[in-house]
Amino acid sequence: MRAVVDIPEATRPVRQRPDTEPIAACLLAAPAFALILLLFILPTLAVFVIATTDWQFGARSLSFVGLRNFAELLADSTFRISFANTCLYVLVVVPATTAIGLAVALLIESGQSLRAFYRAVHFLPFMATLAAMAVAWEALLHPTIGLANQTLTALGLPTANWLRDERTVLPVLGLIGIWQNLGFAMVLFLAGLKSIPSELYDASEIDGADGTFDRLRIVTLPMLGPVTMFVVIVVALRAFQTFDTVKILTQGGPAKASEMLLYTLYVESFEFLRTGYGAAVTVVFLAIVVGLTLLQARVMDKRVHYQ
Amino acid sequence: MTAGLTFNGINKSFGGAHVLRQVSLDVASGEFLSLLGPSGCGKSTLLRIIAGLERQDAGTVAIGGRRVDDLRPKQRDIAMVFQSYALYPHMSVADNIALPLRMRRLSGMQRLPLVGGLLPGSRTTQAGIAKEVTRTARALGIESLLARKPGQLSGGQRQRVAVGRAMVRNPAIFLMDEPLSNLDAKLRVQMRAEIKELHRRLGVTFIYVTHDQTEAMTMSDRVAVMAEGEILQVDAPQVIYADPANRKVAEFVGSPKINMLPARFGADLTHAAGTTFDVRARELAGTAGTLGIRPEALHLAEAPGTGIFTGRVRLLEHMGSDLFVHLDLPHDGEGGTLIARLLAERAPQIAFGQTLHLGVRTGRILVFAADGRRVQPDPAPAAVLRSYA
Amino acid sequence: MSLRRLGPVAALARHAVLLASGALMLIPFVWMVSLSLKPPGEIFRAGFSLLPEQWYAVENYSRALTASPLPRYMLNGVLVCGAILSLQIAICAPAAYALAKLRFFGREGLFTLVLIGLLIPHEVLALPLFILAYKLGLLDTYAALIMPFAVSPFGIFLFRQFFKSIPDDIVHAARLDGLSELAIVWRVMLPMAMPAVIAFSIFSIVSHWNDLFWPLIAVRSEQLMPPPLGIMAFKNEEAGSDYGPLMACATLVVAPLVVAFLAAQRWFVEGLGGGVK
């Protein structure tokens with residue numbers, strides 16, 4: 001026997017109100033999503049494509065040349081000098097910035113008085129407009145009326161035309177790089193020092209490590225290890241991106257002695273309008289930056305385990 | 001090896017706030033003494049002063065009869081276990097334990113990385129240190145962990161390493177600053193027994209800071225109860241519990257908390273909670289004060305009467321073998337709540353909301369004056385005693 | 001607390017070293033301001049004097065403000081930085097909220113894109129964006145200066161981190177109170193994330209006020225130049241001969257950020273120090 005059962009009103013499945021959350025979310029995220037695609041992802045892909053062409057900006061035609069731009073790059077003496085200069089610059093600026101930044105941070109943290117003042121003074125160059133400060137540096141390094149040469153003359157030391165001399169120009173740019181970035185390194189180290197638990201210093205004191213040197217060796221420096229790696233990579237990233245001082249002070253000269261990667265990229269792409277070639281330089285630059293950033297991500301990962 | 005500890009008139013303030021006032025104490029050689037008190041009572045500061053990590057404003061500390069006020073921590077023959085263990089995260093367990101020995105036995109030159117190992121004598125010393133580290137680790141059952149870093153250890157294992165680092169150099173005094181508070185409840189019970197056992201084995205003086213009365217009561221030879229920068233009482237755990245020196249100690253020790261009833265003392269009888277007690281304290285006659293009654297001092301009574309509380313059951317908590325009864329006292333006599341701890345098997349079917357009578361033996365009532373001071377009641381007259389028999 | 005108190009000798013040595021290194025850090029600033037106060041005759045005379053014999057500040061600064069369109073440069077800087085920051089917050093905050101608190105298809109994918117965007121330095125994008133701007137006819141317009149920075153992967157990332165730390169219950173309560181999702185972002189999330197908003201604003205303003213690379217590529221006309229580009233143009237025109245007004249110009253360009261920094265040091269250190277993390 002079959003019974004027709006009428007489901008009572010109350011037990012019928014309630015019709016779900018349509019879930020609007022995904023729709024709202026898509027609307028909220030859409031502008032950012034579209035802009036990231038348009039302004040970051042597609043241009044990056046475009047760089048790789050352009051790098052395989054012989055396109056000159058403004059030319060009507062272009063053809064696929066494969067990796068020829070990269071081959072040309074390796075053979076190009078300007079690029080090789082530029083690459084070598086950049087590496088040399090980074091190798092000088094990074095260790096010096098890290099070491100001085102650490103020393104200043106340790107000194108500031110070792111006492112109570114004037115902490116904020118010293119921090120402000122050392123951090124100032126990092127946020128000051130570098131283009132304007134480059135102009136000030138030029139006046140400072142002026143061969144006749146600059147403070148640098150006047151001081152050296154007064155002390156009876158040899159002077160130099162710092163920005164026009166092949167031997168001095170890169171070290172001088174390096175000095176400016178250190179001057180600009182060390183406050184940044186200092187701030188990161190200060191944060192690192194603050195995060196060392198004070199019980200560790202107590203423990204080391206009871207264990208007998210109560211001299212300044214022992215405290216540094218047993219507690220402070222090892223505990224700063226991860227921060228130091230982080231500082232090294234971040235400063236390296238900034239050093240690889242040096243542009244303003246080269247553009248304003250030297251234009252890569254004299255005789256390409258201060259030619260650096262980003263400046264080469266700029267000149268090839270936007271002054272000579274060798275678009276394909278410029279894109280190849282850009283790819284090299286991107287590879288370096290991405291490599292360093294991934295290294296940094298690994299270091300940060302490690303820091304989690306370090307605790 | 002072991003040594004006693006004396007401190008006398010210790011004062012300490014941080015920026016105007018008095019943390020310790022006139023603290024004096026003698027700790028016998030080989031004793032296990034706990035500093036017990038709520039957070040902020042100054043117990044950790046006192047421990048840090050003993051260790052030499054903090055300097056007192058006034059007063060003296062002596063270890064083994066020798067004044068140590070001008071000595072650095074490493075010269076004081078003490079070791080310390082920290083609340084967070086304070087292990088060096090970049091060093092292996094073996095290096096953590098070895099560090100205090102290295103700092104003492106190797107010269108500054110010998111401690112230098114790389115070069116140090118080549119200097120005369122350093123290799124023999126290092127081998128000796130390694131042997132002691134292994135021995136200590138074996139004693140604590142962490143031998144298999146020696147190569148690991150602290151980050152790879154569990155809380156209990158870290159705790160053992162911290163103890164090992166303190167143990168390895170045979171200090172005269174062990175200082176422990178809430179060493180169990182970062183462990184879960186189960187592990188805490190286990191480590192409590194282990195630390196007690198360690199104390200028995202080493203036979204040296206232990207100063208143990210805790211806010212946990214169970215830890216203090218179960219482990220210590222004597223407990224110093226502290227509050228607001230002062231030591232309120234120093235005694236064996238059972239004395240602290242049964243014979244507290246004042247209201248604060250009575251209230252801090254014991255769980256559930258002691259019942260405190262506002263009372264008026266007459267010439268012969270004492271009035272509290274709407275009833276009368278055979279408690280007399282001549283020196284308090286005519287004043288107000290407090291009666292303290294431990295929850296387990298209360299027992300069931302048949303009917304209301306002198307010294308019997310009557311009230312309504314507000315809450316019942318079954319704790320297994322025990323039953324906690326919360327009794328609402330009538331409003332005509334001050335009101336308030338009374339907590340009784342009864343043996344569950346002896347308590348008949350007590351129900352929520354019913355009226356209950358609870359009696360207390362006169363000898364178990366603690367008498368406090370209005371200023372919180374404990375007062376011994378006068379002995380009961382013979383006639384009354386006889387009526388009890 | 002963490003480091004033991006220094007003895008008097010060590011404390012003195014600390015001050016000596018830090019004062020010396022601090023002085024070295026400040027030399028370019030001091031020299032710049034000093035030159036901006038001097039007449040040409042004194043500038044080209046050998047000598048160390050910090051302060052001028054003859055005060056020439058008024059002449060130098062008025063020349064800096066009149067001989068070049070410096071006020072225009074500064075105005076451009078303010079306009080561009082303001083527009084970029086407003087766009088970034090308007091676009092990043094809703095996306096960050098969606099990533100932090102809502103479930104939708106493609107969330108993982110979008111977050112991956114944000115992380116990739118975080119990885120790409122802006123110099124890499126200059127070439128394709130230059131071509132894009134050219135094709136759209138936007139070169140040498142304000143749009144060319146602003147549009148490439150309309151979205152900031154760093155901003156999305158930072159806001160997302162902060163929004164995630166806000167309890168879900170607050171979002172639920174806001175919904176029960178009848179707020180739309182967009183209103184939740186503006187009225188609830190952003191006000192609660194003020195520290196992140198301030199830190200990000202400082203990071204964004206400092207980066208774009210100081211940026212030379214992209215403006216150099218994007219604009220040619222003087223009336224569109226932001227300050228760093230303007231000062232470069234000024235320097236090239238004057239051919240390095242007229243130091244007084246040039247230094248006055250540099251001082252004026254650096255001044256706003258330096259003054260803001262000294263007024264709100266802690267926020268700057270957090271915004272820029274935490275900025276790269």
# chains A, B, ... in the order shown; residues from 1 in each chain; ligands from 1
>>> residues_around(residues="Trp209 of chain C", least_positions_apart="3", cutoff="8 Å", atoms="only C-alpha atoms", output="list of chain:residue names")
A:Thr129, C:Gly77, C:Val78, C:Cys81, C:Ile205, C:Val206, C:Pro226, C:Pro227, C:Pro228
>>> write_last_selection(atoms="N, CA, C and O atoms", output="JSON list (two decimals), in the first residue's frame")
[["chain", "number", "residue", "atom", "x", "y", "z"],
["A", 129, "THR", "N", 65.53, 63.03, 0.88],
["A", 129, "THR", "CA", 65.47, 62.87, -0.57],
["A", 129, "THR", "C", 66.89, 62.74, -1.15],
["A", 129, "THR", "O", 67.68, 63.68, -1.10],
["C", 77, "GLY", "N", 54.74, 67.31, -6.19],
["C", 77, "GLY", "CA", 55.09, 66.24, -5.25],
["C", 77, "GLY", "C", 53.91, 65.94, -4.33],
["C", 77, "GLY", "O", 53.55, 64.78, -4.11],
["C", 78, "VAL", "N", 53.31, 67.00, -3.79],
["C", 78, "VAL", "CA", 52.18, 66.82, -2.88],
["C", 78, "VAL", "C", 51.02, 66.15, -3.61],
["C", 78, "VAL", "O", 50.42, 65.18, -3.11],
["C", 81, "CYS", "N", 51.96, 62.40, -4.53],
["C", 81, "CYS", "CA", 52.01, 61.54, -3.34],
["C", 81, "CYS", "C", 50.60, 61.35, -2.77],
["C", 81, "CYS", "O", 50.23, 60.24, -2.37],
["C", 205, "ILE", "N", 54.51, 57.73, 1.22],
["C", 205, "ILE", "CA", 54.83, 59.13, 0.93],
["C", 205, "ILE", "C", 56.34, 59.31, 0.79],
["C", 205, "ILE", "O", 56.82, 59.95, -0.16],
["C", 206, "VAL", "N", 57.10, 58.72, 1.71],
["C", 206, "VAL", "CA", 58.56, 58.88, 1.64],
["C", 206, "VAL", "C", 59.09, 58.28, 0.33],
["C", 206, "VAL", "O", 59.89, 58.90, -0.37],
["C", 226, "PRO", "N", 58.06, 66.24, -10.28],
["C", 226, "PRO", "CA", 58.11, 66.22, -8.82],
["C", 226, "PRO", "C", 59.49, 66.69, -8.33],
["C", 226, "PRO", "O", 60.41, 66.81, -9.15],
["C", 227, "PRO", "N", 59.64, 66.96, -7.05],
["C", 227, "PRO", "CA", 60.85, 67.63, -6.56],
["C", 227, "PRO", "C", 62.19, 67.01, -6.97],
["C", 227, "PRO", "O", 63.07, 67.75, -7.40],
["C", 228, "PRO", "N", 62.40, 65.67, -6.84],
["C", 228, "PRO", "CA", 63.74, 65.15, -7.17],
["C", 228, "PRO", "C", 64.11, 65.43, -8.63],
["C", 228, "PRO", "O", 65.25, 65.81, -8.93]]
>>> closest_atom_pairs(of="chain A", to="chain B", cutoff="9 Å", atoms="only C-alpha atoms", output="tab-separated table")
residue	atom	partner	partner_atom	distance
A:Pro197	CA	B:Ala86	CA	8.0
A:Ser198	CA	B:Ala86	CA	8.7
A:Glu199	CA	B:Ala86	CA	5.7
A:Leu200	CA	B:Ala86	CA	5.0
A:Tyr201	CA	B:Ala86	CA	8.5
A:Asp202	CA	B:Leu53	CA	6.7
A:Ala203	CA	B:Ala86	CA	6.3
A:Ser204	CA	B:Pro100	CA	8.3
A:Glu205	CA	B:Pro73	CA	6.4
A:Ile206	CA	B:Lys74	CA	5.1
A:Asp207	CA	B:Pro100	CA	4.4
A:Gly208	CA	B:Lys74	CA	4.8
A:Ala209	CA	B:Met103	CA	6.3
A:Asp210	CA	B:Lys74	CA	8.1
A:Asp214	CA	B:Gly108	CA	9.0
A:Ile218	CA	B:Tyr88	CA	8.0
A:Val219	CA	B:Tyr88	CA	7.2
A:Pro222	CA	B:His90	CA	6.5
A:Met223	CA	B:His90	CA	7.4
A:His305	CA	B:Gly151	CA	6.9
A:Tyr306	CA	B:Gly151	CA	6.5
A:Gln307	CA	B:Gly151	CA	6.2
>>> residues_around(residues="Asp212 of chain B", least_positions_apart="3", cutoff="8 Å", atoms="only C-alpha atoms", output="ChimeraX atom specification")
/B:36-37,215-216
>>> residues_around(residues="Cys92 of chain C", least_positions_apart="4", cutoff="12 Å", atoms="only C-alpha atoms", output="ChimeraX atom specification")
/A:28-36 /C:84-88,96-100,114,149-160,163,185-186,190,197,200
>>> closest_residue(among="C:Ala174, C:Met247, C:Ala264, C:Leu216", to="Pro40 of chain C", atoms="only C-alpha atoms")
C:Met247
>>> closest_residue(among="A:Leu249, A:Leu295, A:Leu188, A:Ala154", to="chain C", atoms="only C-alpha atoms")
A:Leu188
>>> atom_distance(atom1="atom CA of Gly230 of chain C", atom2="atom CA of Leu140 of chain A")
20.6 Å
